[in-house]
>>> print(open('my_file03.csv').read())   # CSV, C-alpha atoms
chain,number,residue,atom,x,y,z
U,1,MET,CA,100.6,124.5,94.5
U,2,VAL,CA,101.9,121.0,93.9
U,3,PRO,CA,102.4,120.4,90.1
U,4,PHE,CA,101.1,117.3,88.4
U,5,ARG,CA,103.7,114.9,87.1
U,6,GLN,CA,101.4,112.0,86.1
U,7,PHE,CA,98.7,112.5,83.5
U,8,LEU,CA,96.3,109.6,83.0
U,9,LEU,CA,94.5,109.8,79.7
U,10,LYS,CA,91.3,107.7,79.2
U,11,ILE,CA,91.7,107.1,75.5
U,12,HIS,CA,88.9,104.5,75.4
U,13,SER,CA,86.0,104.3,77.9
U,14,ARG,CA,84.7,100.8,77.2
U,15,CYS,CA,86.2,97.4,77.9
U,16,ASN,CA,86.2,93.9,76.3
U,17,LEU,CA,86.0,92.3,79.8
U,18,ALA,CA,83.2,92.3,82.4
U,19,CYS,CA,85.2,91.9,85.6
U,20,ASP,CA,82.9,91.6,88.6
U,21,TYR,CA,85.0,93.9,90.8
U,22,CYS,CA,85.6,96.7,88.3
U,23,TYR,CA,85.6,100.1,90.0
U,24,VAL,CA,84.8,101.8,86.7
U,25,TYR,CA,81.7,99.9,85.7
U,26,GLU,CA,80.5,98.2,88.9
U,27,SER,CA,80.8,101.0,91.4
U,28,ALA,CA,78.7,104.0,92.5
U,29,ASP,CA,79.9,106.4,89.9
U,30,GLN,CA,78.4,105.5,86.4
U,31,SER,CA,79.6,108.5,84.5
U,32,TRP,CA,81.2,106.3,81.9
U,33,ARG,CA,77.8,105.7,80.4
U,34,ASP,CA,77.5,109.3,79.1
U,35,ARG,CA,81.0,109.6,77.7
U,36,PRO,CA,82.2,108.9,74.1
U,37,ARG,CA,83.9,105.6,73.6
U,38,ALA,CA,87.2,107.0,72.3
U,39,MET,CA,89.0,110.2,73.0
U,40,ALA,CA,88.7,112.4,69.9
U,41,PRO,CA,91.9,113.7,68.1
U,42,GLY,CA,91.0,117.2,69.1
U,43,THR,CA,90.7,116.3,72.8
U,44,VAL,CA,94.1,114.5,72.6
U,45,LEU,CA,95.6,117.6,71.1
U,46,ARG,CA,94.2,119.8,73.8
U,47,ALA,CA,95.3,117.5,76.6
U,48,ALA,CA,98.8,117.1,75.1
U,49,ALA,CA,99.2,120.9,74.8
U,50,HIS,CA,98.2,121.4,78.4
U,51,ILE,CA,100.6,118.7,79.5
U,52,ALA,CA,103.4,120.5,77.7
U,53,GLU,CA,102.3,123.9,79.1
U,54,HIS,CA,102.3,122.4,82.7
U,55,ALA,CA,105.7,120.8,82.2
U,56,ARG,CA,107.2,124.1,80.8
U,57,THR,CA,105.7,126.2,83.6
U,58,HIS,CA,107.0,124.0,86.4
U,59,GLY,CA,110.3,123.0,84.8
U,60,LEU,CA,109.5,119.3,84.7
U,61,ARG,CA,112.3,117.2,83.1
U,62,GLU,CA,109.9,114.4,82.5
U,63,ALA,CA,106.1,114.1,81.9
U,64,HIS,CA,104.6,110.7,82.7
U,65,VAL,CA,101.6,109.8,80.7
U,66,VAL,CA,99.5,106.8,81.5
U,67,LEU,CA,97.1,105.5,78.7
U,68,HIS,CA,94.1,103.9,80.4
U,69,GLY,CA,90.5,103.0,79.9
U,70,GLY,CA,88.2,101.0,79.9
U,71,GLU,CA,90.6,99.1,77.8
U,72,PRO,CA,92.9,101.5,76.0
U,73,LEU,CA,94.0,99.1,73.2
U,74,LEU,CA,90.4,99.1,71.9
U,75,VAL,CA,91.3,102.3,70.0
U,76,GLY,CA,93.3,100.2,67.5
U,77,ALA,CA,96.8,100.5,66.2
U,78,THR,CA,96.2,103.5,63.8
U,79,ARG,CA,94.5,105.6,66.4
U,80,LEU,CA,97.0,104.6,69.1
U,81,ASP,CA,99.8,105.7,66.9
U,82,ALA,CA,98.1,109.1,66.3
U,83,VAL,CA,97.7,109.6,70.1
U,84,LEU,CA,101.3,108.8,70.8
U,85,ARG,CA,102.6,111.0,67.9
U,86,THR,CA,100.4,113.9,69.2
U,87,LEU,CA,101.9,113.5,72.7
U,88,ALA,CA,105.5,113.3,71.4
U,89,GLU,CA,105.1,116.4,69.2
U,90,ALA,CA,103.7,118.4,72.1
U,91,LEU,CA,106.5,117.5,74.5
U,92,ASP,CA,109.3,117.7,72.0
U,93,GLY,CA,111.9,120.1,73.4
U,94,VAL,CA,109.9,120.6,76.6
U,95,ALA,CA,110.2,117.5,78.7
U,96,ALA,CA,111.1,113.8,78.2
U,97,LEU,CA,107.9,111.9,77.5
U,98,ARG,CA,107.5,108.7,79.5
U,99,VAL,CA,104.4,106.7,78.5
U,100,THR,CA,103.0,103.6,80.2
U,101,LEU,CA,99.8,101.7,79.3
U,102,GLN,CA,97.7,99.5,81.5
U,103,THR,CA,95.8,96.8,79.7
U,104,ASN,CA,94.0,93.5,80.3
U,105,GLY,CA,96.3,92.1,77.5
U,106,LEU,CA,93.8,90.5,75.3
U,107,ARG,CA,94.2,92.9,72.3
U,108,LEU,CA,98.0,92.4,72.3
U,109,ALA,CA,97.4,88.8,71.3
U,110,GLU,CA,94.5,89.5,69.0
U,111,ASP,CA,95.9,92.4,67.0
U,112,PRO,CA,99.5,92.0,65.7
U,113,ALA,CA,99.7,95.6,64.7
U,114,LEU,CA,99.6,96.9,68.2
U,115,LEU,CA,103.0,95.8,69.6
U,116,PRO,CA,105.0,97.4,66.8
U,117,VAL,CA,103.3,100.8,67.5
U,118,LEU,CA,104.0,100.5,71.2
U,119,ALA,CA,107.6,99.6,70.5
U,120,ARG,CA,108.1,102.4,68.1
U,121,HIS,CA,107.1,104.9,70.8
U,122,GLY,CA,108.8,103.1,73.7
U,123,VAL,CA,105.6,102.6,75.6
U,124,ARG,CA,105.9,100.5,78.8
U,125,ILE,CA,103.1,97.9,79.2
U,126,GLY,CA,101.5,96.9,82.5
U,127,VAL,CA,99.1,93.9,82.3
U,128,SER,CA,96.4,92.9,84.7
U,129,LEU,CA,96.6,89.2,85.9
U,130,ASP,CA,95.0,87.8,89.0
U,131,GLY,CA,97.2,84.8,89.7
U,132,THR,CA,96.2,81.2,88.8
U,133,GLU,CA,93.9,80.5,85.9
U,134,ALA,CA,91.1,79.5,88.3
U,135,THR,CA,91.4,82.7,90.4
U,136,HIS,CA,91.7,85.0,87.4
U,137,ASP,CA,88.8,83.5,85.5
U,138,ARG,CA,86.6,83.6,88.6
U,139,HIS,CA,86.5,87.4,88.2
U,140,ARG,CA,88.0,88.6,85.0
U,141,ARG,CA,85.5,87.2,82.4
U,142,ARG,CA,84.5,88.1,78.9
U,143,PRO,CA,81.0,89.5,78.4
U,144,ASP,CA,79.8,86.1,77.4
U,145,GLY,CA,81.1,84.6,80.6
U,146,ARG,CA,84.2,82.9,79.3
U,147,GLY,CA,87.4,83.3,81.2
U,148,SER,CA,90.2,85.5,79.9
U,149,HIS,CA,93.3,83.9,81.4
U,150,ALA,CA,94.3,82.0,78.3
U,151,GLY,CA,94.2,85.1,76.2
U,152,VAL,CA,96.2,87.1,78.7
U,153,ALA,CA,98.8,84.3,78.9
U,154,ARG,CA,99.3,84.5,75.1
U,155,ALA,CA,99.8,88.2,75.3
U,156,LEU,CA,102.3,87.8,78.1
U,157,ARG,CA,104.3,85.2,76.2
U,158,LEU,CA,104.6,87.8,73.4
U,159,LEU,CA,106.1,90.2,75.8
U,160,THR,CA,108.4,87.8,77.6
U,161,ASP,CA,109.5,85.6,74.7
U,162,GLY,CA,109.6,88.0,71.8
U,163,PRO,CA,111.6,91.1,70.8
U,164,HIS,CA,109.6,93.5,73.0
U,165,ARG,CA,110.7,92.3,76.4
U,166,ASP,CA,112.0,95.8,77.2
U,167,LEU,CA,108.4,97.1,77.0
U,168,TYR,CA,107.2,94.8,79.8
U,169,ALA,CA,106.6,96.9,82.9
U,170,GLY,CA,105.0,94.3,85.1
U,171,LEU,CA,101.7,92.8,86.4
U,172,LEU,CA,98.8,94.2,88.4
U,173,CYS,CA,97.0,91.7,90.6
U,174,ALA,CA,93.8,92.3,92.5
U,175,ILE,CA,93.8,90.5,95.9
U,176,ASP,CA,91.3,87.7,96.2
U,177,LEU,CA,91.0,86.3,99.7
U,178,ALA,CA,89.6,83.0,98.3
U,179,ALA,CA,92.9,82.4,96.6
U,180,ASP,CA,96.0,81.0,98.3
U,181,PRO,CA,98.4,84.0,98.6
U,182,VAL,CA,101.7,82.1,97.9
U,183,GLU,CA,100.1,80.1,95.1
U,184,THR,CA,98.9,83.4,93.6
U,185,TYR,CA,102.4,84.9,93.9
U,186,GLU,CA,104.1,81.9,92.3
U,187,ALA,CA,101.5,81.9,89.4
U,188,LEU,CA,102.4,85.5,88.7
U,189,LEU,CA,106.2,84.6,88.8
U,190,GLU,CA,105.6,82.2,85.9
U,191,PHE,CA,105.4,85.2,83.6
U,192,ALA,CA,108.7,86.7,84.9
U,193,PRO,CA,107.3,90.1,85.7
U,194,PRO,CA,109.9,92.9,86.3
U,195,ARG,CA,107.5,94.1,89.0
U,196,LEU,CA,104.2,93.3,90.7
U,197,ASN,CA,101.5,95.6,92.1
U,198,LEU,CA,99.2,93.9,94.6
U,199,LEU,CA,95.9,95.9,94.7
U,200,LEU,CA,93.6,95.9,97.7
U,201,PRO,CA,90.0,95.8,96.3
U,202,HIS,CA,88.7,99.4,96.1
U,203,ALA,CA,86.1,99.7,98.9
U,204,THR,CA,84.9,101.9,101.7
U,205,TRP,CA,83.3,101.6,105.1
U,206,HIS,CA,79.9,102.0,103.5
U,207,THR,CA,80.6,99.3,100.8
U,208,PRO,CA,83.3,97.1,102.4
U,209,PRO,CA,85.5,94.6,100.6
U,210,PRO,CA,84.9,90.8,100.9
U,211,GLY,CA,85.8,89.6,104.4
U,212,LEU,CA,85.3,92.9,106.2
U,213,PRO,CA,82.2,94.1,108.0
U,214,THR,CA,79.9,97.1,107.1
U,215,ARG,CA,80.2,99.8,109.7
U,216,THR,CA,77.3,102.3,110.3
U,217,THR,CA,79.7,104.7,112.0
U,218,PRO,CA,83.5,105.2,111.5
U,219,PRO,CA,85.5,103.2,114.0
U,220,ARG,CA,86.9,104.7,117.2
U,221,THR,CA,90.4,103.6,118.0
U,222,ALA,CA,93.1,105.0,120.2
U,223,PRO,CA,96.0,106.4,118.2
U,224,GLY,CA,98.6,103.7,117.5
U,225,ALA,CA,96.3,100.8,118.6
U,226,VAL,CA,95.4,98.1,116.1
U,227,PRO,CA,91.6,98.4,115.6
U,228,ALA,CA,89.7,95.4,116.8
U,229,GLU,CA,88.7,94.4,113.3
U,230,PRO,CA,89.4,91.2,111.2
U,231,VAL,CA,92.7,91.4,109.2
U,232,PRO,CA,92.3,88.9,106.4
U,233,TYR,CA,94.1,91.2,103.9
U,234,ALA,CA,97.1,91.6,106.2
U,235,ARG,CA,97.3,87.8,106.7
U,236,TRP,CA,97.2,87.4,102.9
U,237,LEU,CA,99.8,90.1,102.2
U,238,CYS,CA,102.1,89.0,105.1
U,239,ALA,CA,102.2,85.5,103.6
U,240,VAL,CA,103.3,86.9,100.2
U,241,PHE,CA,105.8,89.2,101.9
U,242,ASP,CA,107.4,86.4,103.8
U,243,ARG,CA,107.7,84.2,100.6
U,244,TRP,CA,109.0,87.2,98.6
U,245,TYR,CA,111.4,88.6,101.2
U,246,GLY,CA,112.7,85.2,102.2
U,247,ALA,CA,113.6,84.0,98.7
U,248,PRO,CA,117.3,83.2,98.2
U,249,ARG,CA,117.4,85.7,95.3
U,250,ARG,CA,115.3,88.6,94.1
U,251,GLU,CA,112.6,87.2,91.9
U,252,THR,CA,110.7,90.4,91.2
U,253,GLY,CA,109.8,93.7,92.8
U,254,ILE,CA,106.5,94.2,94.7
U,255,ARG,CA,105.6,97.9,94.8
U,256,LEU,CA,103.5,97.9,98.0
U,257,PHE,CA,106.2,96.1,100.0
U,258,GLU,CA,109.1,98.1,98.6
U,259,GLU,CA,107.4,101.4,99.3
U,260,ILE,CA,106.5,100.4,102.9
U,261,MET,CA,110.1,99.3,103.4
U,262,ALA,CA,111.4,102.6,102.0
U,263,LEU,CA,109.2,104.6,104.3
U,264,LEU,CA,110.2,102.6,107.3
U,265,LEU,CA,113.8,103.3,106.5
U,266,GLY,CA,113.1,107.1,106.2
U,267,GLY,CA,112.7,107.3,102.5
U,268,THR,CA,109.7,108.4,100.4
U,269,ALA,CA,107.0,106.7,98.3
U,270,ARG,CA,105.4,107.6,95.0
U,271,SER,CA,102.2,105.7,95.5
U,272,GLU,CA,98.9,107.0,96.7
U,273,ALA,CA,98.4,103.8,98.6
U,274,VAL,CA,100.9,104.5,101.4
U,275,GLY,CA,103.0,107.4,102.6
U,276,LEU,CA,102.2,111.1,102.7
U,277,THR,CA,103.6,112.3,99.4
U,278,PRO,CA,101.2,114.8,97.8
U,279,VAL,CA,99.1,113.4,95.0
U,280,ASP,CA,100.5,114.4,91.6
U,281,LEU,CA,98.2,112.5,89.2
U,282,VAL,CA,95.4,114.0,87.2
U,283,VAL,CA,92.9,112.2,84.9
U,284,VAL,CA,91.5,113.3,81.6
U,285,GLU,CA,88.4,111.4,80.5
U,286,THR,CA,87.5,110.6,76.9
U,287,ASP,CA,85.3,113.7,76.7
U,288,GLY,CA,88.1,116.0,77.9
U,289,THR,CA,86.8,116.4,81.5
U,290,ILE,CA,89.5,116.7,84.1
U,291,GLU,CA,89.0,114.4,87.1
U,292,GLN,CA,90.6,113.0,90.2
U,293,ALA,CA,91.7,109.3,90.5
U,294,ASP,CA,89.4,106.6,89.4
U,295,SER,CA,89.5,104.9,92.8
U,296,LEU,CA,87.0,107.6,94.0
U,297,LYS,CA,84.3,106.0,91.7
U,298,VAL,CA,83.7,103.5,94.5
U,299,THR,CA,82.5,106.2,97.0
U,300,TYR,CA,79.5,108.1,95.5
U,301,PRO,CA,78.2,109.3,92.1
U,302,GLY,CA,80.3,112.2,90.8
U,303,ALA,CA,83.0,111.8,93.4
U,304,PRO,CA,86.0,112.2,90.9
U,305,ALA,CA,84.4,115.2,89.2
U,306,THR,CA,86.0,118.7,89.3
U,307,GLY,CA,83.8,120.7,86.9
U,308,LEU,CA,87.0,121.3,84.7
U,309,ASP,CA,87.8,120.3,81.2
U,310,VAL,CA,90.7,120.6,78.8
U,311,PHE,CA,88.8,123.0,76.5
U,312,ARG,CA,88.2,125.7,79.1
U,313,HIS,CA,90.8,125.0,81.8
U,314,THR,CA,94.4,124.2,82.3
U,315,PHE,CA,96.1,121.8,84.6
U,316,ALA,CA,97.1,124.8,86.7
U,317,ASP,CA,93.4,125.3,87.3
U,318,ALA,CA,93.1,121.7,88.4
U,319,ALA,CA,96.1,121.9,90.7
U,320,ARG,CA,94.4,124.9,92.5
U,321,HIS,CA,91.1,123.0,92.8
U,322,GLU,CA,90.2,122.2,96.4
U,323,ALA,CA,89.5,118.5,95.5
U,324,PHE,CA,93.2,118.1,94.6
U,325,ARG,CA,94.5,120.3,97.4
U,326,ALA,CA,92.7,118.2,99.9
U,327,ARG,CA,94.8,115.3,98.9
U,328,GLN,CA,98.1,117.2,99.1
U,329,ARG,CA,98.0,118.2,102.8
U,330,GLY,CA,100.1,115.3,104.1
U,331,LEU,CA,99.7,114.7,107.8
U,332,ALA,CA,97.3,117.6,108.2
U,333,GLY,CA,94.9,116.0,105.8
U,334,LEU,CA,94.4,112.8,107.9
U,335,ALA,CA,91.7,112.1,110.4
U,336,PRO,CA,92.9,113.1,113.9
U,337,VAL,CA,93.2,109.5,115.0
U,338,CYS,CA,95.4,108.7,112.0
U,339,ALA,CA,97.6,111.9,112.4
U,340,ALA,CA,98.3,110.8,115.9
U,341,CYS,CA,99.3,107.3,115.0
U,342,PRO,CA,103.0,106.4,115.0
U,343,ARG,CA,102.5,104.6,111.7
U,344,ALA,CA,101.1,107.7,110.0
U,345,ALA,CA,104.2,108.5,108.0
U,346,VAL,CA,104.2,105.0,106.6
U,347,CYS,CA,100.6,104.0,105.9
U,348,GLY,CA,99.7,107.6,105.2
U,349,GLY,CA,96.1,106.9,106.2
U,350,GLY,CA,95.8,104.5,103.3
U,351,LEU,CA,94.3,105.3,99.9
U,352,TYR,CA,92.1,108.4,100.0
U,353,ALA,CA,89.0,106.6,98.6
U,354,HIS,CA,89.3,103.8,101.2
U,355,ARG,CA,88.7,106.4,103.9
U,356,TYR,CA,85.2,107.3,102.8
U,357,HIS,CA,82.3,106.9,105.2
U,358,PRO,CA,79.1,109.0,104.7
U,359,ALA,CA,78.9,109.6,108.5
U,360,ALA,CA,82.5,110.8,108.9
U,361,ALA,CA,83.1,114.4,110.0
U,362,PRO,CA,84.0,117.1,109.0
U,363,THR,CA,84.2,115.4,105.5
U,364,PRO,CA,83.2,111.9,104.4
U,365,PHE,CA,86.9,111.2,103.8
U,366,ALA,CA,87.9,111.9,107.4
U,367,ALA,CA,87.6,108.3,108.6
U,368,PRO,CA,90.6,106.0,108.8
U,369,SER,CA,91.0,103.6,105.9
U,370,VAL,CA,88.6,100.6,105.7
U,371,TYR,CA,91.9,98.7,105.7
U,372,CYS,CA,93.2,100.4,108.8
U,373,ALA,CA,93.7,97.3,110.9
U,374,ASP,CA,95.1,95.4,107.9
U,375,LEU,CA,97.6,98.1,107.1
U,376,ALA,CA,98.7,98.4,110.8
U,377,VAL,CA,99.4,94.7,111.0
U,378,LEU,CA,101.2,94.6,107.6
U,379,VAL,CA,103.4,97.6,108.5
U,380,ASP,CA,104.3,96.2,111.9
U,381,HIS,CA,105.1,92.8,110.3
U,382,ILE,CA,107.4,94.3,107.7
U,383,ALA,CA,109.0,96.6,110.3
U,384,GLY,CA,109.7,93.6,112.5
U,385,ARG,CA,111.4,91.7,109.7
U,386,LEU,CA,113.5,94.8,108.8
U,387,SER,CA,114.4,95.4,112.4
U,388,ARG,CA,115.6,91.9,113.0
U,389,ASP,CA,117.7,91.9,109.8
U,390,VAL,CA,119.2,95.3,110.5
U,391,THR,CA,120.1,94.2,114.1
U,392,ALA,CA,121.7,91.0,112.8
U,393,THR,CA,123.7,92.9,110.2
U,394,LEU,CA,125.0,95.4,112.7
U,395,LEU,CA,126.0,92.6,115.2
U,396,ALA,CA,127.8,90.7,112.4
U,397,ALA,CA,129.6,93.9,111.4
U,398,ALA,CA,130.7,94.6,114.9
U,399,GLY,CA,132.2,91.2,115.3
U,400,PRO,CA,132.5,89.1,118.5
U,401,ALA,CA,132.5,91.0,121.8
U,402,PRO,CA,136.0,91.4,123.3
U,403,GLY,CA,136.8,88.6,125.8
>>> encode(input="my_file03.csv", output="structure tokens")
Amino acid sequence: MVPFRQFLLKIHSRCNLACDYCYVYESADQSWRDRPRAMAPGTVLRAAAHIAEHARTHGLREAHVVLHGGEPLLVGATRLDAVLRTLAEALDGVAALRVTLQTNGLRLAEDPALLPVLARHGVRIGVSLDGTEATHDRHRRRPDGRGSHAGVARALRLLTDGPHRDLYAGLLCAIDLAADPVETYEALLEFAPPRLNLLLPHATWHTPPPGLPTRTTPPRTAPGAVPAEPVPYARWLCAVFDRWYGAPRRETGIRLFEEIMALLLGGTARSEAVGLTPVDLVVVETDGTIEQADSLKVTYPGAPATGLDVFRHTFADAARHEAFRARQRGLAGLAPVCAACPRAAVCGGGLYAHRYHPAAAPTPFAAPSVYCADLAVLVDHIAGRLSRDVTATLLAAAGPAPG
């Protein structure tokens, strides 16, 4: 059994934005409609107790808790402080508590009481920003249709220019093919992020992302061959990679690129998006139900569900659940064509949700990723750059050939 090390708590199930690509509200799974808006104190208490129990049982030195939503800051400063105190008390003397929070940023600028609470508990803050104002406001709109970029920019200035710079974890950017990739990257750099995460739109073969075709059957490709599919996302990402990697100094980290590079050099990755590391994240919804990752909401109604909850079950029960075990099998859990591919250890078959196709066998997640061709081209591009640089470095170290 692989223990969980990341515990994602949905402390609020609603949002103050209406993003057109949202995988929670705009996808196949609509379970949010039947859940309470905020996680009740008793639910927080049960979840915290189970996190502590899991950490104690497995000898974890750290427990990573992610506060999520919806928009988690809609709980307000008082309730947020209570959640964080409950977690801290439960983990005291058991494991070091590491808390991050993913937010759209708007409430940070609107409610001055929030940042002091986050600072008091040492919560690291990730903010969603999709590049330039025009690109961001094309998708990340308020319910009345107004753009949200200006409000997010105000929140980011509070983080970058104020006394809470140490809380700033970085930016999350959803890829938009209509946006210039280098312009997008440089717009993100304006807010001096410690790290970026570039997110491929959550999609499947059945409901493909913009720019890729719908497939009635999973693709058939020889192992190792690049599928004969369009690769617009690879082209977009390769342009950003070349700009980032070729900069004269390190401007920021980009998680996807860094993890692919680490894997190519024989290391490991902690992301579900690439690599074969067993999944170690579990989700607790506002009503206390224990679920898999939110990305599965794009596949079919009820896909993240496990039938477990924090009132009747423990995280050990969840770790034994077949739904989690299926995502911890490494190479054995990939489609045969993926397992036989020389890139398998690096791309890892892509994100689990992105493999979904209703016609795949023996399970609907046994297809290659809908981004298979894009990942292949991106991995090969990064591998080529690394290979050239390593070769050049070794030749320089060896010095001139003897005459």
>>> residues_around(input="my_file03.csv", residues="Asp92 of chain U", least_positions_apart="5", cutoff="9 Å", atoms="all atoms listed in the file", output="compact mmCIF listing (two decimals) with C-alpha atoms, in the frame of the given file")
# COMPACT_ATOMS: atom_id res chain seq x y z
CA ALA U 52 103.40 120.50 77.70
CA LEU U 87 101.90 113.50 72.70
CA LEU U 97 107.90 111.90 77.50
>>> closest_residue(input="my_file03.csv", among="U:Ala113, U:Met1, U:Ala344, U:Val24", to="Val75 of chain U", atoms="only C-alpha atoms")
U:Ala113
>>> residues_near_point(input="my_file03.csv", point="(103.7, 88.0, 81.6)", cutoff="10 Å", atoms="only C-alpha atoms", output="ChimeraX atom specification")
/U:105,126-129,152-161,165,168-171,188-194
>>> residues_around(input="my_file03.csv", residues="Glu26 of chain U", least_positions_apart="3", cutoff="12 Å", atoms="only C-alpha atoms", output="list in words")
Ala18, Cys19, Asp20, Tyr21, Cys22, Tyr23, Asp29, Gln30, Ser31, Trp32, Arg33, His202, Ala203, Thr207, Ser295, Lys297, Val298, Thr299, Tyr300 and Pro301 of chain U
>>> closest_residue(input="my_file03.csv", among="U:Arg325, U:Arg35, U:Arg142, U:His381", to="Asp280 of chain U", atoms="all atoms listed in the file")
U:Arg325
>>> residues_around(input="my_file03.csv", residues="Trp236 of chain U", least_positions_apart="4", cutoff="8 Å", atoms="only C-alpha atoms", output="compact mmCIF listing (two decimals) with C-alpha atoms, in the coordinates of the input")
# COMPACT_ATOMS: atom_id res chain seq x y z
CA LEU U 177 91.00 86.30 99.70
CA ASP U 180 96.00 81.00 98.30
CA PRO U 181 98.40 84.00 98.60
CA PRO U 232 92.30 88.90 106.40
CA VAL U 240 103.30 86.90 100.20
>>> closest_residue(input="my_file03.csv", among="U:Arg249, U:Gly302, U:His354, U:His313", to="Ser369 of chain U", atoms="all atoms listed in the file")
U:His354
>>> residues_around(input="my_file03.csv", residues="Glu62 of chain U", least_positions_apart="4", cutoff="10 Å", atoms="all atoms listed in the file", output="list in words")
Arg5, Gln6, Ala55, Leu91, Val94, Ala95, Ala96, Leu97 and Arg98 of chain U
>>> closest_residue(input="my_file03.csv", among="U:Ala383, U:Ala367, U:Leu114, U:Met39", to="Val337 of chain U", atoms="only C-alpha atoms")
U:Ala367
>>> closest_residue(input="my_file03.csv", among="U:Arg195, U:His58, U:Arg146, U:His139", to="Ala174 of chain U", atoms="only C-alpha atoms")
U:His139
>>> residues_around(input="my_file03.csv", residues="Pro304 of chain U", least_positions_apart="2", cutoff="6 Å", atoms="all atoms listed in the file", output="number ranges by chain")
U: 291-292, 296, 302
>>> closest_atom_pairs(input="my_file03.csv", of="segment 280-381 of chain U", to="segment 45-49 of chain U", cutoff="12 Å", atoms="all atoms listed in the file", output="JSON lines")
{"residue": "U:Val282", "atom": "CA", "partner": "U:Ala47", "partner_atom": "CA", "distance": 11.2}
{"residue": "U:Val283", "atom": "CA", "partner": "U:Ala47", "partner_atom": "CA", "distance": 10.1}
{"residue": "U:Val284", "atom": "CA", "partner": "U:Ala47", "partner_atom": "CA", "distance": 7.6}
{"residue": "U:Glu285", "atom": "CA", "partner": "U:Ala47", "partner_atom": "CA", "distance": 10.0}
{"residue": "U:Thr286", "atom": "CA", "partner": "U:Ala47", "partner_atom": "CA", "distance": 10.4}
{"residue": "U:Asp287", "atom": "CA", "partner": "U:Ala47", "partner_atom": "CA", "distance": 10.7}
{"residue": "U:Gly288", "atom": "CA", "partner": "U:Ala47", "partner_atom": "CA", "distance": 7.5}
{"residue": "U:Thr289", "atom": "CA", "partner": "U:Ala47", "partner_atom": "CA", "distance": 9.9}
{"residue": "U:Ile290", "atom": "CA", "partner": "U:Ala47", "partner_atom": "CA", "distance": 9.5}
{"residue": "U:Asp309", "atom": "CA", "partner": "U:Ala47", "partner_atom": "CA", "distance": 9.2}
{"residue": "U:Val310", "atom": "CA", "partner": "U:Ala47", "partner_atom": "CA", "distance": 6.0}
{"residue": "U:Phe311", "atom": "CA", "partner": "U:Arg46", "partner_atom": "CA", "distance": 6.8}
{"residue": "U:Arg312", "atom": "CA", "partner": "U:Arg46", "partner_atom": "CA", "distance": 9.9}
{"residue": "U:His313", "atom": "CA", "partner": "U:Arg46", "partner_atom": "CA", "distance": 10.1}
{"residue": "U:Thr314", "atom": "CA", "partner": "U:Ala47", "partner_atom": "CA", "distance": 8.8}
{"residue": "U:Phe315", "atom": "CA", "partner": "U:Ala47", "partner_atom": "CA", "distance": 9.1}
>>> write_last_selection(input="my_file03.csv", atoms="C-alpha atoms", output="PDB file, in the coordinates of the input")
ATOM      1  CA  VAL U 282      95.400 114.000  87.200  1.00  0.00           C
ATOM      2  CA  VAL U 283      92.900 112.200  84.900  1.00  0.00           C
ATOM      3  CA  VAL U 284      91.500 113.300  81.600  1.00  0.00           C
ATOM      4  CA  GLU U 285      88.400 111.400  80.500  1.00  0.00           C
ATOM      5  CA  THR U 286      87.500 110.600  76.900  1.00  0.00           C
ATOM      6  CA  ASP U 287      85.300 113.700  76.700  1.00  0.00           C
ATOM      7  CA  GLY U 288      88.100 116.000  77.900  1.00  0.00           C
ATOM      8  CA  THR U 289      86.800 116.400  81.500  1.00  0.00           C
ATOM      9  CA  ILE U 290      89.500 116.700  84.100  1.00  0.00           C
ATOM     10  CA  ASP U 309      87.800 120.300  81.200  1.00  0.00           C
ATOM     11  CA  VAL U 310      90.700 120.600  78.800  1.00  0.00           C
ATOM     12  CA  PHE U 311      88.800 123.000  76.500  1.00  0.00           C
ATOM     13  CA  ARG U 312      88.200 125.700  79.100  1.00  0.00           C
ATOM     14  CA  HIS U 313      90.800 125.000  81.800  1.00  0.00           C
ATOM     15  CA  THR U 314      94.400 124.200  82.300  1.00  0.00           C
ATOM     16  CA  PHE U 315      96.100 121.800  84.600  1.00  0.00           C
TER      17      PHE U 315
END
>>> closest_residue(input="my_file03.csv", among="U:Thr363, U:Gly211, U:Val274, U:Arg243", to="Leu199 of chain U", atoms="only C-alpha atoms")
U:Val274
>>> atom_distance(input="my_file03.csv", atom1="atom CA of Ile175 of chain U", atom2="atom CA of Leu237 of chain U")
8.7 Å
>>> atom_distance(input="my_file03.csv", atom1="atom CA of Arg37 of chain U", atom2="atom CA of Leu84 of chain U")
17.9 Å
>>> atom_distance(input="my_file03.csv", atom1="atom CA of Ala345 of chain U", atom2="atom CA of Thr252 of chain U")
25.5 Å
